[in-house]
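Dropping start_16.cif in here (mmCIF, C-alpha atoms):
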```
data_protein
#
loop_
_atom_site.label_atom_id
_atom_site.label_comp_id
_atom_site.auth_asym_id
_atom_site.auth_seq_id
_atom_site.Cartn_x
_atom_site.Cartn_y
_atom_site.Cartn_z
CA MET A 7 13.64 -35.22 79.39
CA SER A 8 10.84 -35.68 76.91
CA LYS A 9 9.44 -32.29 77.73
CA ASN A 10 12.76 -30.52 77.00
CA TYR A 11 13.11 -32.37 73.67
CA HIS A 12 9.70 -31.24 72.45
CA SER A 13 10.42 -27.66 73.51
CA SER A 14 13.69 -27.66 71.54
CA LEU A 15 11.91 -29.05 68.44
CA ARG A 16 9.27 -26.33 68.59
CA ILE A 17 12.00 -23.67 68.77
CA LYS A 18 13.75 -25.05 65.64
CA GLN A 19 10.45 -25.19 63.74
CA ALA A 20 9.71 -21.59 64.67
CA ARG A 21 12.96 -20.38 63.09
CA GLY A 22 11.45 -20.79 59.50
CA PHE A 23 13.41 -21.52 56.28
CA THR A 24 17.11 -22.17 56.21
CA LEU A 25 19.49 -20.05 54.12
CA LEU A 26 19.77 -22.81 51.52
CA GLU A 27 16.00 -23.06 51.20
CA LEU A 28 15.75 -19.28 50.71
CA LEU A 29 18.42 -19.33 47.99
CA VAL A 30 16.60 -22.15 46.19
CA ALA A 31 13.29 -20.28 46.43
CA ILE A 32 14.83 -17.03 45.14
CA SER A 33 16.52 -18.88 42.25
CA LEU A 34 13.26 -20.55 41.24
CA SER A 35 11.42 -17.21 41.44
CA ALA A 36 14.08 -15.52 39.29
CA LEU A 37 13.91 -18.33 36.72
CA LEU A 38 10.13 -18.11 36.63
CA MET A 39 10.25 -14.33 36.16
CA THR A 40 12.79 -14.72 33.34
CA VAL A 41 10.51 -17.19 31.54
CA LEU A 42 7.48 -14.94 32.04
CA VAL A 43 9.31 -11.82 30.81
CA ALA A 44 10.64 -13.65 27.73
CA GLY A 45 7.19 -14.97 26.93
CA LEU A 46 5.60 -11.55 27.41
CA SER A 47 8.23 -9.92 25.18
CA GLN A 48 7.54 -12.45 22.42
CA ILE A 49 3.79 -11.90 22.70
CA THR A 50 4.34 -8.12 22.54
CA ARG A 51 6.54 -8.44 19.43
CA ASP A 52 4.00 -10.72 17.73
CA PHE A 53 1.21 -8.31 18.59
CA GLU A 54 3.17 -5.34 17.20
CA LYS A 55 3.95 -7.26 13.98
CA GLN A 56 0.30 -8.18 13.54
CA GLY A 57 -0.70 -4.59 14.23
CA GLU A 58 1.77 -3.24 11.67
CA SER A 59 0.64 -5.82 9.10
CA LEU A 60 -3.00 -4.90 9.70
CA ASP A 61 -2.24 -1.17 9.38
CA GLN A 62 -0.39 -1.81 6.12
CA LYS A 63 -3.28 -3.83 4.69
CA ILE A 64 -5.74 -1.10 5.63
CA ASP A 65 -3.55 1.58 4.00
CA GLU A 66 -3.16 -0.54 0.85
CA SER A 67 -6.91 -1.18 0.64
CA LEU A 68 -7.64 2.54 0.96
CA LEU A 69 -5.05 3.29 -1.73
CA LEU A 70 -6.67 0.81 -4.13
CA LEU A 71 -10.10 2.31 -3.48
CA GLN A 72 -8.69 5.76 -4.20
CA LEU A 73 -7.14 4.50 -7.44
CA GLU A 74 -10.44 2.96 -8.53
CA LYS A 75 -12.25 6.23 -7.91
CA ALA A 76 -9.56 8.25 -9.70
CA ILE A 77 -9.77 6.01 -12.77
CA LEU A 78 -13.58 6.04 -12.69
CA GLY A 79 -13.46 9.84 -12.59
CA THR A 80 -11.05 10.13 -15.55
CA PHE A 81 -11.55 13.47 -17.28
CA SER A 82 -11.23 13.78 -21.05
CA TYR A 83 -8.72 16.55 -20.66
CA ARG A 84 -7.63 18.25 -23.89
CA PHE A 85 -4.58 20.46 -24.13
CA LYS A 86 -2.15 22.09 -26.57
CA GLU A 87 1.60 21.67 -26.40
CA HIS A 88 1.96 25.11 -28.02
CA SER A 89 -0.31 27.76 -29.49
CA LEU A 90 -0.25 26.42 -33.07
CA ALA A 91 -0.89 22.79 -32.16
CA ARG A 92 -4.29 21.18 -32.21
CA GLU A 93 -5.87 20.02 -29.00
CA GLU A 94 -4.96 16.51 -27.94
CA LEU A 95 -6.68 14.14 -25.54
CA PHE A 96 -4.47 13.53 -22.52
CA PHE A 97 -4.38 9.86 -21.57
CA GLN A 98 -1.20 7.81 -21.88
CA GLY A 99 -1.01 4.24 -20.74
CA SER A 100 1.48 1.42 -21.20
CA LYS A 101 2.02 -1.86 -19.38
CA THR A 102 4.21 -0.14 -16.79
CA GLU A 103 3.01 3.48 -16.71
CA LEU A 104 -0.26 5.39 -16.67
CA ASN A 105 -0.90 9.14 -16.92
CA TRP A 106 -4.38 10.59 -16.69
CA VAL A 107 -6.39 13.56 -15.43
CA SER A 108 -9.17 12.93 -12.92
CA THR A 109 -11.90 14.83 -11.16
CA VAL A 110 -10.97 12.94 -7.98
CA SER A 111 -8.67 14.83 -5.64
CA PRO A 112 -7.07 13.29 -2.51
CA GLY A 113 -7.46 16.68 -0.83
CA ARG A 114 -11.14 16.78 -1.85
CA ASN A 115 -10.65 19.94 -3.84
CA ASN A 116 -12.89 20.89 -6.74
CA SER A 117 -9.95 21.21 -9.15
CA LEU A 118 -8.72 18.61 -11.64
CA THR A 119 -5.73 16.48 -10.68
CA PHE A 120 -2.95 14.86 -12.71
CA TRP A 121 -2.27 11.23 -11.72
CA HIS A 122 0.97 9.45 -12.60
CA LEU A 123 1.35 5.73 -11.82
CA ASP A 124 4.75 4.21 -12.53
CA VAL A 125 5.76 0.57 -12.02
CA ALA A 126 8.99 0.43 -9.99
CA GLU A 127 11.40 -2.08 -11.56
CA ASP A 128 8.61 -4.63 -12.10
CA LYS A 129 7.82 -4.74 -8.37
CA GLY A 130 5.28 -2.42 -6.85
CA PHE A 131 4.41 1.05 -8.12
CA ARG A 132 4.92 4.73 -7.32
CA LEU A 133 2.13 7.27 -7.45
CA ASN A 134 2.26 11.04 -8.01
CA VAL A 135 -0.82 13.24 -7.74
CA LEU A 136 -0.50 16.89 -8.82
CA PRO A 137 -2.86 19.76 -9.66
CA ALA A 138 -3.67 19.73 -13.38
CA TYR A 139 -2.52 23.22 -14.31
CA PRO A 140 -2.84 24.42 -17.95
CA GLY A 141 0.20 23.60 -20.05
CA SER A 142 2.43 20.56 -20.33
CA LEU A 143 1.55 18.13 -17.57
CA HIS A 144 4.74 16.14 -18.17
CA GLN A 145 6.86 19.23 -17.52
CA GLN A 146 4.92 19.86 -14.33
CA LEU A 147 5.61 16.28 -13.23
CA GLU A 148 9.33 16.61 -14.00
CA LYS A 149 9.57 19.84 -12.00
CA ALA A 150 7.72 18.30 -9.06
CA GLN A 151 9.93 15.20 -9.06
CA ALA A 152 13.07 17.34 -9.25
CA LYS A 153 12.05 19.26 -6.12
CA GLU A 154 11.21 16.28 -3.93
CA GLU A 155 12.27 12.69 -3.37
CA LEU A 156 10.65 9.84 -5.26
CA PRO A 157 7.37 8.73 -3.67
CA MET A 158 7.30 5.50 -1.72
CA ILE A 159 6.81 2.15 -3.46
CA HIS A 160 3.43 0.53 -2.83
CA PHE A 161 2.83 -3.24 -3.05
CA LYS A 162 6.55 -3.94 -3.38
CA ASP A 163 5.97 -7.71 -3.07
CA TYR A 164 3.91 -7.81 -6.27
CA LYS A 165 4.64 -7.52 -9.97
CA ILE A 166 2.36 -4.89 -11.45
CA SER A 167 1.01 -4.70 -15.01
CA LEU A 168 -1.57 -2.37 -16.57
CA HIS A 169 -4.21 -3.31 -19.14
CA TYR A 170 -6.80 -1.24 -21.02
CA LEU A 171 -10.26 -2.27 -22.17
CA GLY A 172 -11.28 -1.00 -25.61
CA VAL A 173 -13.53 -1.77 -28.55
CA THR A 174 -12.28 -3.17 -31.86
CA ILE A 175 -13.44 -2.12 -35.31
CA ASN A 176 -15.92 -5.01 -35.16
CA LYS A 177 -17.41 -3.56 -31.98
CA LYS A 178 -15.93 -6.30 -29.80
CA LYS A 179 -14.35 -5.62 -26.44
CA GLN A 180 -10.63 -6.34 -26.22
CA TRP A 181 -7.77 -5.86 -23.77
CA TYR A 182 -4.81 -3.73 -24.87
CA SER A 183 -1.34 -3.45 -23.36
CA SER A 184 -1.15 0.28 -24.15
CA TRP A 185 -3.48 3.19 -24.88
CA SER A 186 -2.71 6.63 -26.30
CA GLY A 187 -5.36 9.32 -26.12
CA LYS A 188 -3.36 11.36 -28.61
CA ASP A 189 -3.45 8.60 -31.25
CA LYS A 190 -6.89 7.13 -30.59
CA ASN A 191 -8.59 10.41 -29.67
CA GLU A 192 -10.73 8.58 -27.14
CA LEU A 193 -10.48 7.08 -23.67
CA PRO A 194 -10.51 3.34 -22.96
CA LEU A 195 -13.60 1.78 -21.43
CA GLY A 196 -11.67 0.87 -18.31
CA VAL A 197 -8.32 0.05 -16.73
CA ARG A 198 -7.19 -3.12 -14.98
CA ILE A 199 -4.22 -3.23 -12.60
CA GLN A 200 -2.88 -6.77 -12.27
CA PHE A 201 -0.99 -7.87 -9.12
CA GLU A 202 1.11 -11.03 -9.38
CA PRO A 203 2.85 -12.24 -6.19
CA THR A 204 6.64 -12.57 -5.99
CA GLU A 205 8.65 -15.07 -3.98
CA ASN A 206 8.18 -12.91 -0.85
CA VAL A 207 4.44 -13.60 -0.80
CA PRO A 208 2.96 -16.79 0.75
CA GLU A 209 2.13 -19.56 -1.72
CA SER A 210 -1.55 -19.29 -0.80
CA ASP A 211 -1.63 -15.81 -2.35
CA THR A 212 -2.43 -16.24 -6.04
CA GLY A 213 -2.54 -12.52 -6.79
CA PHE A 214 -5.44 -10.24 -7.60
CA SER A 215 -6.52 -7.46 -9.92
CA VAL A 216 -8.27 -4.12 -9.61
CA PHE A 217 -10.59 -3.00 -12.40
CA SER A 218 -12.43 0.26 -12.87
CA PHE A 219 -14.59 1.49 -15.69
CA ILE A 220 -14.02 5.01 -16.97
CA ARG A 221 -16.98 7.36 -16.71
CA VAL A 222 -16.38 9.81 -19.54
CA LEU A 223 -16.96 13.40 -18.49
CA ALA A 224 -17.09 16.67 -20.43
CA ASN A 225 -13.92 18.01 -22.02
CA ALA A 226 -11.93 20.70 -20.32
CA LYS A 227 -12.14 24.12 -21.91
#
```
For the structure just supplied, provide its representation as structure tokens.
Amino acid sequence: MSKNYHSSLRIKQARGFTLLELLVAISLSALLMTVLVAGLSQITRDFEKQGESLDQKIDESLLLLQLEKAILGTFSYRFKEHSLAREELFFQGSKTELNWVSTVSPGRNNSLTFWHLDVAEDKGFRLNVLPAYPGSLHQQLEKAQAKEELPMIHFKDYKISLHYLGVTINKKKQWYSSWSGKDKNELPLGVRIQFEPTENVPESDTGFSVFSFIRVLANAK
């Protein structure tokens, strides 16, 4: 009797899990997989956001370096609006707009380029870079803007203002909110671009500025 009982017990143990146990195991496995997939998806999204943020910061840093070089390489470009007019120095700067000719070319060409920086509704700025052909540079800019869409807005989370370093009559350095090459017949000593954070920027960001001296080069003929 005892021998038959033990044989029956061994047979039941050899049958493995019951259907209920299998269902419980499958449910737990499915729940675990759901948690793992959700966690992996969140990690992937966070990684992509960090990657995009890093790429944007790199692009913005390269743009600022390019701007510094373009301002440093400002060319004292002189032009005539018409044949009877006298030559005028081309450099026009206000608190929200800057137009200048530079020896720096994004395409690394040997030709002069016309740079136009325009503050976009007090947040961020747009940038146009065109070949500096003889004639009215403003008309060339208008034609170029009419043919294509407005350039993208850079640093849209910052309020941008432009400032110009000059020398007073008493030979003292002073910051100006505007500078006209036509009226002053000379270039400023340098340009400062001020970046003030908006409400979209973390409180820890107190803003920054980019300054570049102007290395005066020979006049265009």
Exercise for the section: Name every residue that the PyMOL selection byres ((chain A and resi 67-71) around 12) selects in this structure, writing the answer as JSON, numbers by chain with chains first and numbers rising. Expected result: {"A": [60, 61, 62, 63, 64, 65, 66, 72, 73, 74, 75, 76, 77, 78, 110, 112, 131, 132, 133, 160, 161, 198, 199, 200, 201, 214, 215, 216, 217, 218]}
Residue subset to file, keeping C-alpha atoms, as a tab-separated table (two decimals), in the coordinates of the input:
```
chain	number	residue	atom	x	y	z
A	60	LEU	CA	-3.00	-4.90	9.70
A	61	ASP	CA	-2.24	-1.17	9.38
A	62	GLN	CA	-0.39	-1.81	6.12
A	63	LYS	CA	-3.28	-3.83	4.69
A	64	ILE	CA	-5.74	-1.10	5.63
A	65	ASP	CA	-3.55	1.58	4.00
A	66	GLU	CA	-3.16	-0.54	0.85
A	72	GLN	CA	-8.69	5.76	-4.20
A	73	LEU	CA	-7.14	4.50	-7.44
A	74	GLU	CA	-10.44	2.96	-8.53
A	75	LYS	CA	-12.25	6.23	-7.91
A	76	ALA	CA	-9.56	8.25	-9.70
A	77	ILE	CA	-9.77	6.01	-12.77
A	78	LEU	CA	-13.58	6.04	-12.69
A	110	VAL	CA	-10.97	12.94	-7.98
A	112	PRO	CA	-7.07	13.29	-2.51
A	131	PHE	CA	4.41	1.05	-8.12
A	132	ARG	CA	4.92	4.73	-7.32
A	133	LEU	CA	2.13	7.27	-7.45
A	160	HIS	CA	3.43	0.53	-2.83
A	161	PHE	CA	2.83	-3.24	-3.05
A	198	ARG	CA	-7.19	-3.12	-14.98
A	199	ILE	CA	-4.22	-3.23	-12.60
A	200	GLN	CA	-2.88	-6.77	-12.27
A	201	PHE	CA	-0.99	-7.87	-9.12
A	214	PHE	CA	-5.44	-10.24	-7.60
A	215	SER	CA	-6.52	-7.46	-9.92
A	216	VAL	CA	-8.27	-4.12	-9.61
A	217	PHE	CA	-10.59	-3.00	-12.40
A	218	SER	CA	-12.43	0.26	-12.87
```
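Here atom CA of Val125 of chain A is placed at a distance of 12.8 Å from atom CA of Glu202 of chain A.
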Practice task
Find the residues around Leu123 of chain A up to 12 Å (only C-alpha atoms counted), leave out those fewer than 6 positions away in its own chain, and share them as number ranges by chain.
Solution key: A: 73, 76-77, 98-107, 130-136, 147, 157-160, 166-168, 199
Practice task
I need the residue set behind the PyMOL selection byres ((chain A and resi 170) around 7) for this file; please write it as number ranges by chain.
Solution key: A: 168-169, 171-172, 181-185, 194, 196-198
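A straight line drawn from atom CA of Leu95 of chain A to atom CA of Ala152 of chain A is 25.8 Å long.
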Exercise for the section: State, in Å with one decimal place, the distance from atom CA of Ala126 of chain A to atom CA of Lys162 of chain A. Expected result: 8.3 Å
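Of the residues listed (A:Tyr139, A:Phe81, A:Lys165, A:Leu42), A:Lys165 shows the shortest atom-to-atom separation from Thr212 of chain A; distances use all atoms listed in the file.
Every protein or nucleic acid residue with an atom no more than 10 Å from Thr80 of chain A, counting all atoms listed in the file and leaving out same-chain residues fewer than 6 positions away, appears here: Phe97, Trp106, Val107, Ser108, Thr109, Val110, Leu118, Thr119, Phe120, Trp121, Leu193, Gly196, Phe219, Ile220, Arg221, Val222 and Leu223 of chain A.
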Give me segment 161-176 of chain A with N, CA and C atoms filled in, as a PDB file, keeping the file's coordinate frame.
```pdb
ATOM      1  N   PHE A 161       2.967  -1.848  -2.618  1.00  0.00           N
ATOM      2  CA  PHE A 161       2.830  -3.240  -3.050  1.00  0.00           C
ATOM      3  C   PHE A 161       4.152  -3.771  -3.623  1.00  0.00           C
ATOM      4  N   LYS A 162       5.221  -3.571  -2.891  1.00  0.00           N
ATOM      5  CA  LYS A 162       6.550  -3.940  -3.380  1.00  0.00           C
ATOM      6  C   LYS A 162       6.757  -5.453  -3.499  1.00  0.00           C
ATOM      7  N   ASP A 163       5.855  -6.251  -2.957  1.00  0.00           N
ATOM      8  CA  ASP A 163       5.970  -7.710  -3.070  1.00  0.00           C
ATOM      9  C   ASP A 163       5.172  -8.269  -4.246  1.00  0.00           C
ATOM     10  N   TYR A 164       4.710  -7.380  -5.129  1.00  0.00           N
ATOM     11  CA  TYR A 164       3.910  -7.810  -6.270  1.00  0.00           C
ATOM     12  C   TYR A 164       4.469  -7.232  -7.574  1.00  0.00           C
ATOM     13  N   LYS A 165       4.342  -8.002  -8.625  1.00  0.00           N
ATOM     14  CA  LYS A 165       4.640  -7.520  -9.970  1.00  0.00           C
ATOM     15  C   LYS A 165       3.371  -6.884 -10.526  1.00  0.00           C
ATOM     16  N   ILE A 166       3.515  -5.672 -11.017  1.00  0.00           N
ATOM     17  CA  ILE A 166       2.360  -4.890 -11.450  1.00  0.00           C
ATOM     18  C   ILE A 166       2.348  -4.776 -12.975  1.00  0.00           C
ATOM     19  N   SER A 167       1.176  -4.945 -13.566  1.00  0.00           N
ATOM     20  CA  SER A 167       1.010  -4.700 -15.010  1.00  0.00           C
ATOM     21  C   SER A 167      -0.332  -4.014 -15.236  1.00  0.00           C
ATOM     22  N   LEU A 168      -0.378  -3.163 -16.261  1.00  0.00           N
ATOM     23  CA  LEU A 168      -1.570  -2.370 -16.570  1.00  0.00           C
ATOM     24  C   LEU A 168      -2.171  -2.826 -17.893  1.00  0.00           C
ATOM     25  N   HIS A 169      -3.504  -2.857 -17.934  1.00  0.00           N
ATOM     26  CA  HIS A 169      -4.210  -3.310 -19.140  1.00  0.00           C
ATOM     27  C   HIS A 169      -5.416  -2.387 -19.362  1.00  0.00           C
ATOM     28  N   TYR A 170      -5.778  -2.219 -20.656  1.00  0.00           N
ATOM     29  CA  TYR A 170      -6.800  -1.240 -21.020  1.00  0.00           C
ATOM     30  C   TYR A 170      -7.878  -1.894 -21.861  1.00  0.00           C
ATOM     31  N   LEU A 171      -9.122  -1.677 -21.466  1.00  0.00           N
ATOM     32  CA  LEU A 171     -10.260  -2.270 -22.170  1.00  0.00           C
ATOM     33  C   LEU A 171     -10.755  -1.313 -23.251  1.00  0.00           C
ATOM     34  N   GLY A 172     -10.814  -1.815 -24.488  1.00  0.00           N
ATOM     35  CA  GLY A 172     -11.280  -1.000 -25.610  1.00  0.00           C
ATOM     36  C   GLY A 172     -12.213  -1.783 -26.506  1.00  0.00           C
ATOM     37  N   VAL A 173     -12.613  -1.155 -27.587  1.00  0.00           N
ATOM     38  CA  VAL A 173     -13.530  -1.770 -28.550  1.00  0.00           C
ATOM     39  C   VAL A 173     -12.842  -1.838 -29.911  1.00  0.00           C
ATOM     40  N   THR A 174     -12.890  -2.992 -30.542  1.00  0.00           N
ATOM     41  CA  THR A 174     -12.280  -3.170 -31.860  1.00  0.00           C
ATOM     42  C   THR A 174     -13.166  -2.565 -32.949  1.00  0.00           C
ATOM     43  N   ILE A 175     -12.671  -2.629 -34.171  1.00  0.00           N
ATOM     44  CA  ILE A 175     -13.440  -2.120 -35.310  1.00  0.00           C
ATOM     45  C   ILE A 175     -14.744  -2.900 -35.452  1.00  0.00           C
ATOM     46  N   ASN A 176     -14.723  -4.167 -35.072  1.00  0.00           N
ATOM     47  CA  ASN A 176     -15.920  -5.010 -35.160  1.00  0.00           C
ATOM     48  C   ASN A 176     -16.821  -4.876 -33.938  1.00  0.00           C
TER      49      ASN A 176
END
```
